[in-house]
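Everything below concerns the one structure shown next.
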Number of protein chains: 2
Amino acid sequence: MVPVTIKDVARESGVNVSTVSRALNGEYGVHAETREMVAAVARRLGYRPNRVARGLVTGRSHTLALVVSDIRNHFFSEVARGAEDAAYRAGHDLILCNSDLDPEKQMRYVQSLLEKRVDGILMNSVSVLSRKQQEQLASMGIAIVLLNRAAPRSVFSTVCADNLGGGRLAAEHLLRLGHRNIAHVTGPRHHGNMTDRAKGFLRALAAAPRPVEPLVLYGKNNFTGGYEMGREILASHPRITAIFTANDIMAFGVIRAITEAGRRIPGDFSVIGFDDVELSSIVNPPLTTIQQPKYEIGEAAVEILLRHADPKKPHPPEHRVFDVRLVERQSCMPI
Amino acid sequence: MVPVTIKDVARESGVNVSTVSRALNGEYGVHAETREMVAAVARRLGYRPNRVARGLVTGRSHTLALVVSDIRNHFFSEVARGAEDAAYRAGHDLILCNSDLDPEKQMRYVQSLLEKRVDGILMNSVSVLSRKQQEQLASMGIAIVLLNRAAPRSVFSTVCADNLGGGRLAAEHLLRLGHRNIAHVTGPRHHGNMTDRAKGFLRALAAAPRPVEPLVLYGKNNFTGGYEMGREILASHPRITAIFTANDIMAFGVIRAITEAGRRIPGDFSVIGFDDVELSSIVNPPLTTIQQPKYEIGEAAVEILLRHADPKKPHPPEHRVFDVRLVERQSCMPI
DNA sequence: CTGAAAGCGCTAACAG
DNA sequence: CTGTTAGCGCTTTCAG
């Protein structure tokens, strides 16, 4: 129960602790026999190196952290899985933090992670933070990768999907189907990713041969928000025939509002979402949506993080953007 | 960039490091003035205590780990959120591990976590492990809480929902609606929780005034599994009017098979699930299901873990079972 | 190839 | 109330 240390192994095998250390870490300059003997003793004693102690001297904890708003959000659990797999492959652990997008909480987490000497932090978004907090973050001397759109001037590395392109894809699809009375249902203003989706969408609609100007509704970026905005469309905007929502969950809310009112999808309304959440293929009707590679985003973020984790050789920030694609299912039809 | 240590603070404030330590940790026996002075210096220098150094001497890392099969599973992301919140409140961090139910991988994780000196491990299930591996685990001298049914003889603490009772609730509901040709769609045999759900279900059906013996189908416990078994029911068991699935995702698969065949829910088939996943209220029709308190399970598991984390005062294993409840939505109707 | 020794940053007796 | 002194378990010069 009381853990066996490197000293015990040294004593038991009649060599010095430094030799044990070298032998076990496969360093150069240990006689093969010695190495094997030490290894045998270590195994016999059930020796487990104490990584905390090692971390203290090497300065590297082999631990990364993932700060998301809420792991229950399917997007983040996908990202988390990709990140954890990548971290695992590299021999690192991943600490999970839920910030609820609360700036205070997010900063507290970062402080605490810094005290734990994590090698790097993977963060949801930093847009809720004040300018000052962001500068503070940047000056902390820890590797940080952000999970949102590339801000070219940002000192942080970023990984995200091509939200702009995704918005465009959605617009082109609706246009192609002949819709001209179109609504865009999105989250709060200035929500980084969603803003880009809206921007790509609006631009593509404006660039059409016969430009269309959609109705844009802002609300909560969840099921309830979608539901509420769906009801508003039903009540006040009778000409709308197609709706693009900034994420799938909002689409589900919109769909609920519509079907509840006895209207049909895609018969009366075409709706297209964004994300391609697991359940998008399961709902009825299956949702046409823009897919973004969530797992790969998590993986890539960790890979970048690891590349930047060594404070001795600084890298310039990297910005990686993943392509998205249209997944046609059954929630859209020609006008 | 080079971190400031307790020594720097000591030098700068003209006291000994031990005084700094005491002052900053709010221990007894430090002159109020001294404490404030030290605190001021620490703040000015931007001192951040190095927790790994502290952990080395105190023997406590203030880190817990959560080993689940896959965080993308909604059940686990709920549990993870509850666990993380509880850990955060207690000043602990949570390391996330995905085992894919692979015994080797699971044991490797545990080894690695042990080397990191985590204070406790919260684990999915241990049933995939061999008897020998389980004993090994138990003898490692680390606090472990399991997320599955209470095995009274188990040396591990456990937290789970009342799966037996949940199965019973489902049976009673279907019986109450007048169904007598009933199927149970479940996962692989010997899947701990699901086995209990089946058991509770079968018992309640057998205990009815006019006992009914259901058709029981085993398959993959995911959407595809549900879909396949749904098709089998359609093809080979024409008399079935009600289906209880061992989880919601399988219910979605069953529903898909049924609606795809042009049959209606709840008109032709009543279906009831288990879990009350977020999207159960979103699908069409909204799914009647047995709700288990996922978030609370995660919370409780961490609380127990923390209680057991101090190796100096051992506790006997705790077994906590959470009540479940029937959530009536629109996927069931009287025969 | 191996041992001795220093020290990572911090806490915890033990004196004073 | 505060300073001195040992380490925690490990890696890493530096000698030998």
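Lettering and numbering for the structure tokens are positional, with chains as A, B, ... in the shown order, residues counted from 1 in each chain, and ligands counted from 1 in the shown order.
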Residue hits in chain A, query chain B, radius 7 Å, only C-alpha atoms, as a ChimeraX atom specification: /A:1,48-53,56,71-72,77-78,81,93-96,115-116,140-141,252,282-284
With C-alpha atoms retained, could you export that selection as a short mmCIF file (atom, residue, chain, number, x, y, z; two decimals), in the first residue's frame?
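What ended up in part_16.cif:
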```cif
data_model
loop_
_atom_site.label_atom_id
_atom_site.label_comp_id
_atom_site.auth_asym_id
_atom_site.auth_seq_id
_atom_site.Cartn_x
_atom_site.Cartn_y
_atom_site.Cartn_z
CA MET A 1 0.00 0.00 0.00
CA ARG A 48 5.45 2.69 -10.30
CA PRO A 49 7.31 5.88 -11.04
CA ASN A 50 5.84 8.93 -9.36
CA ARG A 51 5.11 11.31 -12.18
CA VAL A 52 4.44 14.16 -9.83
CA ALA A 53 8.01 13.99 -8.64
CA LEU A 56 8.65 18.70 -10.50
CA ILE A 71 -19.39 18.94 -22.18
CA ARG A 72 -23.05 17.93 -22.55
CA SER A 77 -18.16 15.88 -26.44
CA GLU A 78 -17.08 15.00 -29.98
CA ARG A 81 -13.15 12.62 -27.69
CA ASP A 93 -3.74 13.27 -19.87
CA LEU A 94 -6.62 15.61 -20.44
CA ILE A 95 -8.30 17.61 -17.71
CA LEU A 96 -11.89 18.55 -18.41
CA GLU A 115 -0.73 26.14 -10.85
CA LYS A 116 -0.95 22.50 -11.83
CA MET A 140 0.97 33.79 -19.01
CA GLY A 141 3.44 31.88 -21.05
CA PHE A 252 -34.94 20.84 -33.74
CA ILE A 282 -32.36 10.13 -36.19
CA VAL A 283 -35.04 12.76 -35.96
CA ASN A 284 -38.06 12.74 -38.16
#
```
Chain D residues near chain A (12 Å cut-off, only C-alpha atoms (C1' of nucleotides)) as a list in words: DC8, DG9, DC10, DT11, DT12 and DT13 of chain D
Can I get the selected residues back with N, CA and C atoms (P, O5', C5', C4', C3', O3' and C1' of nucleotides), as a short mmCIF file (atom, residue, chain, number, x, y, z; two decimals), in the first residue's frame?
```
data_model
loop_
_atom_site.label_atom_id
_atom_site.label_comp_id
_atom_site.auth_asym_id
_atom_site.auth_seq_id
_atom_site.Cartn_x
_atom_site.Cartn_y
_atom_site.Cartn_z
P DC D 8 12.04 11.53 2.09
"O5'" DC D 8 10.71 11.83 1.29
"C5'" DC D 8 9.50 12.25 1.89
"C4'" DC D 8 8.57 12.67 0.77
"C3'" DC D 8 8.87 12.00 -0.56
"O3'" DC D 8 7.88 10.99 -0.80
"C1'" DC D 8 8.67 14.41 -0.80
P DG D 9 8.34 9.49 -1.09
"O5'" DG D 9 8.83 9.55 -2.60
"C5'" DG D 9 7.88 9.83 -3.63
"C4'" DG D 9 8.62 10.13 -4.91
"C3'" DG D 9 9.60 9.04 -5.33
"O3'" DG D 9 9.26 8.66 -6.65
"C1'" DG D 9 10.64 11.16 -5.38
P DC D 10 10.11 7.68 -7.54
"O5'" DC D 10 10.93 8.72 -8.41
"C5'" DC D 10 10.21 9.53 -9.33
"C4'" DC D 10 11.06 10.68 -9.80
"C3'" DC D 10 12.24 10.29 -10.66
"O3'" DC D 10 11.86 10.45 -12.03
"C1'" DC D 10 12.79 12.02 -9.08
P DT D 11 12.87 9.99 -13.18
"O5'" DT D 11 13.81 11.28 -13.33
"C5'" DT D 11 13.25 12.46 -13.87
"C4'" DT D 11 14.27 13.56 -13.87
"C3'" DT D 11 15.38 13.43 -14.90
"O3'" DT D 11 15.54 14.72 -15.46
"C1'" DT D 11 16.32 13.77 -12.76
P DT D 12 16.34 14.90 -16.85
"O5'" DT D 12 17.69 15.58 -16.35
"C5'" DT D 12 17.60 16.57 -15.34
"C4'" DT D 12 19.00 16.93 -14.89
"C3'" DT D 12 20.10 16.64 -15.91
"O3'" DT D 12 21.00 17.72 -15.87
"C1'" DT D 12 20.62 15.61 -13.86
P DT D 13 21.84 18.17 -17.16
"O5'" DT D 13 23.13 17.26 -17.06
"C5'" DT D 13 24.39 17.87 -17.06
"C4'" DT D 13 24.66 18.62 -15.76
"C3'" DT D 13 26.16 18.70 -15.52
"O3'" DT D 13 26.55 20.02 -15.13
"C1'" DT D 13 25.09 17.48 -13.75
#
```
All strand (DSSP E or B) positions in region 24-239 of chain B, as a count of residues only: 34
Can you work out which residues from chain C touch chain B at a cut-off of 7 Å (counting only C-alpha atoms (C1' of nucleotides)) and hand them back as an mmCIF file with N, CA and C atoms (P, O5', C5', C4', C3', O3' and C1' of nucleotides), in the first residue's frame?
```
data_model
loop_
_atom_site.group_PDB
_atom_site.id
_atom_site.type_symbol
_atom_site.label_atom_id
_atom_site.label_comp_id
_atom_site.auth_asym_id
_atom_site.auth_seq_id
_atom_site.Cartn_x
_atom_site.Cartn_y
_atom_site.Cartn_z
ATOM 1 P P DG C 9 11.787 25.858 -9.252
ATOM 2 O "O5'" DG C 9 10.645 25.767 -8.149
ATOM 3 C "C5'" DG C 9 9.379 25.258 -8.514
ATOM 4 C "C4'" DG C 9 8.601 24.942 -7.254
ATOM 5 C "C3'" DG C 9 8.472 26.120 -6.283
ATOM 6 O "O3'" DG C 9 7.083 26.336 -6.061
ATOM 7 C "C1'" DG C 9 9.162 24.158 -5.149
ATOM 8 P P DC C 10 6.529 27.290 -4.955
ATOM 9 O "O5'" DC C 10 6.287 26.271 -3.766
ATOM 10 C "C5'" DC C 10 5.303 25.257 -3.958
ATOM 11 C "C4'" DC C 10 5.385 24.236 -2.862
ATOM 12 C "C3'" DC C 10 5.014 24.751 -1.480
ATOM 13 O "O3'" DC C 10 3.677 24.376 -1.194
ATOM 14 C "C1'" DC C 10 6.913 23.284 -1.449
ATOM 15 P P DT C 11 3.031 24.893 0.166
ATOM 16 O "O5'" DT C 11 3.467 23.750 1.191
ATOM 17 C "C5'" DT C 11 2.969 22.445 0.978
ATOM 18 C "C4'" DT C 11 3.490 21.511 2.038
ATOM 19 C "C3'" DT C 11 3.001 21.790 3.459
ATOM 20 O "O3'" DT C 11 2.710 20.504 4.004
ATOM 21 C "C1'" DT C 11 5.348 21.728 3.445
#
```
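As for CA of Ile272 (chain A) and CA of Ala301 (chain A), they are spaced 27.7 Å apart.
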Point-to-point distance in Å for CA of Val126 (chain B) and CA of Leu146 (chain B): 7.4 Å
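Note that the spacing between CA of Pro317 (chain A) and CA of Ser154 (chain A) amounts to 7.9 Å.
Nearest residue to DT2 (chain D) among B:Leu147, B:Leu24, B:Arg203, B:Thr34 is B:Thr34, counting only C-alpha atoms (C1' of nucleotides).
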Exercise: DA15 (chain D) partners within 12 Å, only C-alpha atoms (C1' of nucleotides), chain neighbours under 4 positions left out, as a list in words: DT2, DG3, DA4 and DA5 of chain C
Selection near Ala246 (chain A), 7 Å with only C-alpha atoms (C1' of nucleotides), sequence-local residues under 4 positions removed, as a count of residues only: 6
